[in-house]
Amino acid sequence: MEMTLRWYGTDFDTVTLNQIRQIPGVTGVITTLYDTKPGEVWSRERIRGMIGEVEAAGLHVSGIESVNVHDAIKAGLPERMERVKELFALYRDVDDEKLFANLKYFLEKIMPVCDRYDIHMAIHPDDPAWSVFGLPRIIINKENILRMMHMVDNPHNGVTFCSGSYGTNRDNDLPDMIRSLKGRIHFAHVRNLKFNSPTDFEEAAHLSGDGDFDMYAIMKALYETGFEGPIRPDHGRMIWDETAMPGYGLHDRALGAAYLNGLWEAIEKSAKENG
């Protein structure tokens, strides 16, 4: 397991690489070229520049996640609602089965490249884990994610196990899901939720007692299935008067990283002592 932190880049993130480097146990960042447009080709020069900047700070790039949404939506331009209407129209005839078929087509087409360059794809679940506005959502539970693994049965076709996203559905047994995905979890987001009702929840501190998830059981399942990929504390609260990108401040995520590292150390030592 490698502990990491999400970093959006010098021009966008209030958290610096120097600050991340000082968090005990954090050795890498999960990042992206945040200012590239959807579909824009990333130049080798910019990729090398990003890697060089991270490595100069004593860290390394552990993974890439997220792409940008349409500029009109991000900027709040008047045409943003027209774009939303277009998207709704685009999905009018798409149900769960068609979405699965489209996902299968995409994954089958990219797997040869993933195999050639040893690229691990790690699909993030839908959040929340149920349909919104009547649109299909399929990466929401154990049954569906195992279906995805089996329909393109390639070790490079894997999962980002996000406890907060899967955990929005209280029927999802998170440790059991982790065990069912042994060898196919390439990246993990670990966070805690506090439920006010079955469909009303808020993000809590990472400590088990601050929310409704057993964080020890989650980390233990990752350890026992041999998880070796990057993991990051996911989404932090704004505490100690910090002002930062929502969900991605320094203080609460640093606390989360230390807590998760502490759980991992205890689980690892206990396993060795018990043989």
# chains A, B, ... in the order shown; residues from 1 in each chain; ligands from 1
>>> closest_atom_pairs(of="region 128-191 of chain A", to="region 223-242 of chain A", cutoff="7 Å", atoms="only C-alpha atoms", output="tab-separated table")
residue	atom	partner	partner_atom	distance
A:Arg179	CA	A:Thr225	CA	6.2
A:Lys182	CA	A:Thr225	CA	5.4
A:His186	CA	A:Gly229	CA	5.5
A:Phe187	CA	A:Pro230	CA	5.3
A:Ala188	CA	A:Ile231	CA	4.6
A:His189	CA	A:Arg232	CA	5.3
A:Val190	CA	A:Pro233	CA	5.3
A:Arg191	CA	A:Asp234	CA	5.2
>>> select_by_dssp(residues="region 83-211 of chain A", states="alpha helix (DSSP H)", output="PyMOL selection string")
chain A and resi 83-90+96-117+142-151+163-166+174-180
>>> write_last_selection(atoms="C-alpha atoms", output="PDB file, in the first residue's frame")
ATOM      1  CA  ARG A  83     -25.504  21.415 -22.783  1.00  0.00           C
ATOM      2  CA  VAL A  84     -27.298  19.604 -19.965  1.00  0.00           C
ATOM      3  CA  LYS A  85     -30.407  19.319 -22.131  1.00  0.00           C
ATOM      4  CA  GLU A  86     -28.282  17.851 -24.918  1.00  0.00           C
ATOM      5  CA  LEU A  87     -26.854  15.265 -22.531  1.00  0.00           C
ATOM      6  CA  PHE A  88     -30.291  14.267 -21.289  1.00  0.00           C
ATOM      7  CA  ALA A  89     -31.401  13.834 -24.901  1.00  0.00           C
ATOM      8  CA  LEU A  90     -28.276  11.801 -25.641  1.00  0.00           C
ATOM      9  CA  ASP A  96     -28.439  -0.142 -17.895  1.00  0.00           C
ATOM     10  CA  GLU A  97     -27.926  -2.835 -20.511  1.00  0.00           C
ATOM     11  CA  LYS A  98     -26.895  -0.386 -23.231  1.00  0.00           C
ATOM     12  CA  LEU A  99     -24.551   1.344 -20.825  1.00  0.00           C
ATOM     13  CA  PHE A 100     -22.939  -1.989 -19.946  1.00  0.00           C
ATOM     14  CA  ALA A 101     -22.582  -2.774 -23.662  1.00  0.00           C
ATOM     15  CA  ASN A 102     -20.964   0.595 -24.339  1.00  0.00           C
ATOM     16  CA  LEU A 103     -18.588   0.164 -21.409  1.00  0.00           C
ATOM     17  CA  LYS A 104     -17.647  -3.312 -22.618  1.00  0.00           C
ATOM     18  CA  TYR A 105     -16.899  -1.963 -26.108  1.00  0.00           C
ATOM     19  CA  PHE A 106     -14.685   0.792 -24.681  1.00  0.00           C
ATOM     20  CA  LEU A 107     -12.756  -1.507 -22.370  1.00  0.00           C
ATOM     21  CA  GLU A 108     -12.168  -4.146 -25.045  1.00  0.00           C
ATOM     22  CA  LYS A 109     -10.773  -1.492 -27.376  1.00  0.00           C
ATOM     23  CA  ILE A 110      -8.289  -0.074 -24.851  1.00  0.00           C
ATOM     24  CA  MET A 111      -7.100  -3.310 -23.230  1.00  0.00           C
ATOM     25  CA  PRO A 112      -4.465  -4.086 -25.908  1.00  0.00           C
ATOM     26  CA  VAL A 113      -2.802  -0.735 -25.197  1.00  0.00           C
ATOM     27  CA  CYS A 114      -3.095  -1.292 -21.442  1.00  0.00           C
ATOM     28  CA  ASP A 115      -1.498  -4.710 -21.847  1.00  0.00           C
ATOM     29  CA  ARG A 116       1.328  -3.325 -23.950  1.00  0.00           C
ATOM     30  CA  TYR A 117       2.244  -0.522 -21.554  1.00  0.00           C
ATOM     31  CA  LYS A 142     -21.044  -5.868  -5.893  1.00  0.00           C
ATOM     32  CA  GLU A 143     -23.167  -7.606  -8.509  1.00  0.00           C
ATOM     33  CA  ASN A 144     -22.574  -4.966 -11.158  1.00  0.00           C
ATOM     34  CA  ILE A 145     -18.876  -4.424 -10.550  1.00  0.00           C
ATOM     35  CA  LEU A 146     -18.237  -8.177 -10.711  1.00  0.00           C
ATOM     36  CA  ARG A 147     -20.208  -8.269 -13.950  1.00  0.00           C
ATOM     37  CA  MET A 148     -17.858  -5.617 -15.324  1.00  0.00           C
ATOM     38  CA  MET A 149     -14.789  -7.579 -14.203  1.00  0.00           C
ATOM     39  CA  HIS A 150     -16.063 -10.778 -15.837  1.00  0.00           C
ATOM     40  CA  MET A 151     -17.213  -9.207 -19.094  1.00  0.00           C
ATOM     41  CA  SER A 163     -15.709   3.590   0.212  1.00  0.00           C
ATOM     42  CA  GLY A 164     -17.634   6.849   0.251  1.00  0.00           C
ATOM     43  CA  SER A 165     -19.275   6.262  -3.132  1.00  0.00           C
ATOM     44  CA  TYR A 166     -20.178   2.589  -2.690  1.00  0.00           C
ATOM     45  CA  LEU A 174     -17.815  -2.682   1.880  1.00  0.00           C
ATOM     46  CA  PRO A 175     -15.335  -5.237   3.328  1.00  0.00           C
ATOM     47  CA  ASP A 176     -17.136  -8.043   1.487  1.00  0.00           C
ATOM     48  CA  MET A 177     -16.976  -6.112  -1.782  1.00  0.00           C
ATOM     49  CA  ILE A 178     -13.241  -5.563  -1.317  1.00  0.00           C
ATOM     50  CA  ARG A 179     -12.675  -9.280  -0.769  1.00  0.00           C
ATOM     51  CA  SER A 180     -14.715 -10.146  -3.854  1.00  0.00           C
TER      52      SER A 180
END
>>> residues_around(residues="Pro128 (chain A)", least_positions_apart="2", cutoff="6 Å", atoms="only C-alpha atoms", output="list in words")
Asp126, Trp130, Ser165 and Thr168 of chain A
>>> residues_around(residues="region 201-210 of chain A", least_positions_apart="6", cutoff="6 Å", atoms="only C-alpha atoms", output="short mmCIF file (atom, residue, chain, number, x, y, z; two decimals) with N, CA and C atoms, in the first residue's frame")
data_model
loop_
_atom_site.label_atom_id
_atom_site.label_comp_id
_atom_site.auth_asym_id
_atom_site.auth_seq_id
_atom_site.Cartn_x
_atom_site.Cartn_y
_atom_site.Cartn_z
N ARG A 191 -12.85 6.97 2.77
CA ARG A 191 -13.45 8.07 3.54
C ARG A 191 -14.66 7.54 4.30
N ASN A 192 -15.17 8.36 5.18
CA ASN A 192 -16.24 7.98 6.09
C ASN A 192 -17.47 8.85 5.83
N LEU A 193 -18.64 8.29 6.06
CA LEU A 193 -19.89 9.02 5.92
C LEU A 193 -20.71 8.91 7.21
N LYS A 194 -21.46 9.95 7.48
CA LYS A 194 -22.40 9.96 8.59
C LYS A 194 -23.80 10.10 8.01
N PHE A 195 -24.67 9.11 8.32
CA PHE A 195 -26.02 9.09 7.75
C PHE A 195 -27.02 9.71 8.71
N GLY A 256 -6.41 12.40 8.07
CA GLY A 256 -6.93 11.15 7.52
C GLY A 256 -5.82 10.21 7.08
#
>>> residues_around(residues="Ile64 (chain A)", least_positions_apart="4", cutoff="7 Å", atoms="only C-alpha atoms", output="NGL selection string")
:A and (30-32)
>>> write_last_selection(atoms="C-alpha atoms", output="short mmCIF file (atom, residue, chain, number, x, y, z; two decimals), in the first residue's frame")
data_model
loop_
_atom_site.label_atom_id
_atom_site.label_comp_id
_atom_site.auth_asym_id
_atom_site.auth_seq_id
_atom_site.Cartn_x
_atom_site.Cartn_y
_atom_site.Cartn_z
CA ILE A 30 -2.59 11.52 -7.55
CA THR A 31 -2.82 14.30 -10.07
CA THR A 32 -3.86 15.42 -13.55
#
>>> closest_residue(among="A:Val152, A:Ile218, A:Ile123, A:Val29", to="Gly58 (chain A)", atoms="only C-alpha atoms")
A:Val29
>>> select_by_dssp(residues="region 141-264 of chain A", states="strand (DSSP E or B)", output="MDAnalysis selection string")
chainID A and resid 157:162 185:190 192:197 200:204 230:233
>>> decode(residues="region 143-246 of chain A", atoms="C-alpha atoms", output="PDB file, in the first residue's frame")
ATOM      1  CA  GLU A 143     -23.167  -7.606  -8.509  1.00  0.00           C
ATOM      2  CA  ASN A 144     -22.574  -4.966 -11.158  1.00  0.00           C
ATOM      3  CA  ILE A 145     -18.876  -4.424 -10.550  1.00  0.00           C
ATOM      4  CA  LEU A 146     -18.237  -8.177 -10.711  1.00  0.00           C
ATOM      5  CA  ARG A 147     -20.208  -8.269 -13.950  1.00  0.00           C
ATOM      6  CA  MET A 148     -17.858  -5.617 -15.324  1.00  0.00           C
ATOM      7  CA  MET A 149     -14.789  -7.579 -14.203  1.00  0.00           C
ATOM      8  CA  HIS A 150     -16.063 -10.778 -15.837  1.00  0.00           C
ATOM      9  CA  MET A 151     -17.213  -9.207 -19.094  1.00  0.00           C
ATOM     10  CA  VAL A 152     -13.669  -7.924 -19.752  1.00  0.00           C
ATOM     11  CA  ASP A 153     -11.617 -10.386 -17.723  1.00  0.00           C
ATOM     12  CA  ASN A 154      -8.244  -8.687 -17.876  1.00  0.00           C
ATOM     13  CA  PRO A 155      -6.156  -7.764 -14.812  1.00  0.00           C
ATOM     14  CA  HIS A 156      -5.669  -4.274 -16.254  1.00  0.00           C
ATOM     15  CA  ASN A 157      -9.436  -3.772 -16.109  1.00  0.00           C
ATOM     16  CA  GLY A 158      -9.820  -2.833 -12.478  1.00  0.00           C
ATOM     17  CA  VAL A 159     -11.486  -0.720  -9.871  1.00  0.00           C
ATOM     18  CA  THR A 160     -11.033   2.410  -7.835  1.00  0.00           C
ATOM     19  CA  PHE A 161     -12.592   1.246  -4.601  1.00  0.00           C
ATOM     20  CA  CYS A 162     -14.191   4.382  -3.169  1.00  0.00           C
ATOM     21  CA  SER A 163     -15.709   3.590   0.212  1.00  0.00           C
ATOM     22  CA  GLY A 164     -17.634   6.849   0.251  1.00  0.00           C
ATOM     23  CA  SER A 165     -19.275   6.262  -3.132  1.00  0.00           C
ATOM     24  CA  TYR A 166     -20.178   2.589  -2.690  1.00  0.00           C
ATOM     25  CA  GLY A 167     -21.084   3.303   0.907  1.00  0.00           C
ATOM     26  CA  THR A 168     -23.868   5.722  -0.034  1.00  0.00           C
ATOM     27  CA  ASN A 169     -25.974   2.571  -0.437  1.00  0.00           C
ATOM     28  CA  ARG A 170     -26.260   1.045   3.029  1.00  0.00           C
ATOM     29  CA  ASP A 171     -26.922  -2.364   1.451  1.00  0.00           C
ATOM     30  CA  ASN A 172     -23.334  -2.465   0.171  1.00  0.00           C
ATOM     31  CA  ASP A 173     -21.101  -4.498   2.491  1.00  0.00           C
ATOM     32  CA  LEU A 174     -17.815  -2.682   1.880  1.00  0.00           C
ATOM     33  CA  PRO A 175     -15.335  -5.237   3.328  1.00  0.00           C
ATOM     34  CA  ASP A 176     -17.136  -8.043   1.487  1.00  0.00           C
ATOM     35  CA  MET A 177     -16.976  -6.112  -1.782  1.00  0.00           C
ATOM     36  CA  ILE A 178     -13.241  -5.563  -1.317  1.00  0.00           C
ATOM     37  CA  ARG A 179     -12.675  -9.280  -0.769  1.00  0.00           C
ATOM     38  CA  SER A 180     -14.715 -10.146  -3.854  1.00  0.00           C
ATOM     39  CA  LEU A 181     -12.447  -7.898  -5.944  1.00  0.00           C
ATOM     40  CA  LYS A 182      -9.124  -9.369  -4.855  1.00  0.00           C
ATOM     41  CA  GLY A 183      -6.446  -8.496  -7.405  1.00  0.00           C
ATOM     42  CA  ARG A 184      -8.651  -6.051  -9.292  1.00  0.00           C
ATOM     43  CA  ILE A 185      -8.554  -3.032  -6.960  1.00  0.00           C
ATOM     44  CA  HIS A 186      -5.831  -0.807  -8.381  1.00  0.00           C
ATOM     45  CA  PHE A 187      -6.597   2.356  -6.401  1.00  0.00           C
ATOM     46  CA  ALA A 188      -8.503   3.125  -3.217  1.00  0.00           C
ATOM     47  CA  HIS A 189     -10.321   6.188  -1.899  1.00  0.00           C
ATOM     48  CA  VAL A 190     -11.057   5.696   1.793  1.00  0.00           C
ATOM     49  CA  ARG A 191     -13.452   8.069   3.538  1.00  0.00           C
ATOM     50  CA  ASN A 192     -16.237   7.980   6.086  1.00  0.00           C
ATOM     51  CA  LEU A 193     -19.894   9.017   5.920  1.00  0.00           C
ATOM     52  CA  LYS A 194     -22.404   9.959   8.594  1.00  0.00           C
ATOM     53  CA  PHE A 195     -26.017   9.093   7.752  1.00  0.00           C
ATOM     54  CA  ASN A 196     -29.002  11.139   8.878  1.00  0.00           C
ATOM     55  CA  SER A 197     -31.377   8.864   6.948  1.00  0.00           C
ATOM     56  CA  PRO A 198     -30.895   6.108   4.341  1.00  0.00           C
ATOM     57  CA  THR A 199     -30.470   8.699   1.568  1.00  0.00           C
ATOM     58  CA  ASP A 200     -29.285  11.725   3.551  1.00  0.00           C
ATOM     59  CA  PHE A 201     -25.635  11.690   4.509  1.00  0.00           C
ATOM     60  CA  GLU A 202     -22.645  13.940   5.020  1.00  0.00           C
ATOM     61  CA  GLU A 203     -18.927  13.370   4.834  1.00  0.00           C
ATOM     62  CA  ALA A 204     -17.338  12.858   8.231  1.00  0.00           C
ATOM     63  CA  ALA A 205     -13.802  12.750   9.558  1.00  0.00           C
ATOM     64  CA  HIS A 206     -11.969   9.544   8.743  1.00  0.00           C
ATOM     65  CA  LEU A 207     -12.140   8.178  12.307  1.00  0.00           C
ATOM     66  CA  SER A 208     -14.646   5.300  12.523  1.00  0.00           C
ATOM     67  CA  GLY A 209     -16.401   6.841  15.505  1.00  0.00           C
ATOM     68  CA  ASP A 210     -17.106  10.059  13.612  1.00  0.00           C
ATOM     69  CA  GLY A 211     -19.201   8.312  10.962  1.00  0.00           C
ATOM     70  CA  ASP A 212     -21.017   5.078  10.170  1.00  0.00           C
ATOM     71  CA  PHE A 213     -18.254   3.062   8.474  1.00  0.00           C
ATOM     72  CA  ASP A 214     -15.917   0.611  10.180  1.00  0.00           C
ATOM     73  CA  MET A 215     -12.683   2.014   8.798  1.00  0.00           C
ATOM     74  CA  TYR A 216     -10.659  -0.728  10.503  1.00  0.00           C
ATOM     75  CA  ALA A 217     -12.675  -3.418   8.695  1.00  0.00           C
ATOM     76  CA  ILE A 218     -12.229  -1.627   5.370  1.00  0.00           C
ATOM     77  CA  MET A 219      -8.460  -1.302   5.748  1.00  0.00           C
ATOM     78  CA  LYS A 220      -8.197  -4.880   7.053  1.00  0.00           C
ATOM     79  CA  ALA A 221      -9.989  -6.196   3.967  1.00  0.00           C
ATOM     80  CA  LEU A 222      -7.597  -4.273   1.717  1.00  0.00           C
ATOM     81  CA  TYR A 223      -4.617  -5.663   3.621  1.00  0.00           C
ATOM     82  CA  GLU A 224      -5.870  -9.232   3.632  1.00  0.00           C
ATOM     83  CA  THR A 225      -6.506  -9.215  -0.116  1.00  0.00           C
ATOM     84  CA  GLY A 226      -2.924  -8.136  -0.798  1.00  0.00           C
ATOM     85  CA  PHE A 227      -3.702  -4.600  -1.935  1.00  0.00           C
ATOM     86  CA  GLU A 228      -0.457  -2.886  -2.988  1.00  0.00           C
ATOM     87  CA  GLY A 229      -1.698   0.108  -4.939  1.00  0.00           C
ATOM     88  CA  PRO A 230      -2.011   3.784  -4.087  1.00  0.00           C
ATOM     89  CA  ILE A 231      -4.566   4.818  -1.504  1.00  0.00           C
ATOM     90  CA  ARG A 232      -5.639   8.282  -0.474  1.00  0.00           C
ATOM     91  CA  PRO A 233      -7.754   9.831   2.239  1.00  0.00           C
ATOM     92  CA  ASP A 234     -10.729  11.085   0.307  1.00  0.00           C
ATOM     93  CA  HIS A 235     -12.281  14.516   0.803  1.00  0.00           C
ATOM     94  CA  GLY A 236     -11.452  16.564   3.850  1.00  0.00           C
ATOM     95  CA  ARG A 237     -13.481  19.000   5.898  1.00  0.00           C
ATOM     96  CA  MET A 238     -12.454  22.637   6.105  1.00  0.00           C
ATOM     97  CA  ILE A 239     -11.062  22.826   9.663  1.00  0.00           C
ATOM     98  CA  TRP A 240      -8.824  25.207  11.618  1.00  0.00           C
ATOM     99  CA  ASP A 241     -10.007  28.196   9.543  1.00  0.00           C
ATOM    100  CA  GLU A 242      -8.561  26.753   6.344  1.00  0.00           C
ATOM    101  CA  THR A 243      -9.734  28.095   2.997  1.00  0.00           C
ATOM    102  CA  ALA A 244      -9.124  25.702   0.119  1.00  0.00           C
ATOM    103  CA  MET A 245     -10.667  23.861  -2.810  1.00  0.00           C
ATOM    104  CA  PRO A 246     -13.839  22.267  -1.375  1.00  0.00           C
TER     105      PRO A 246
END
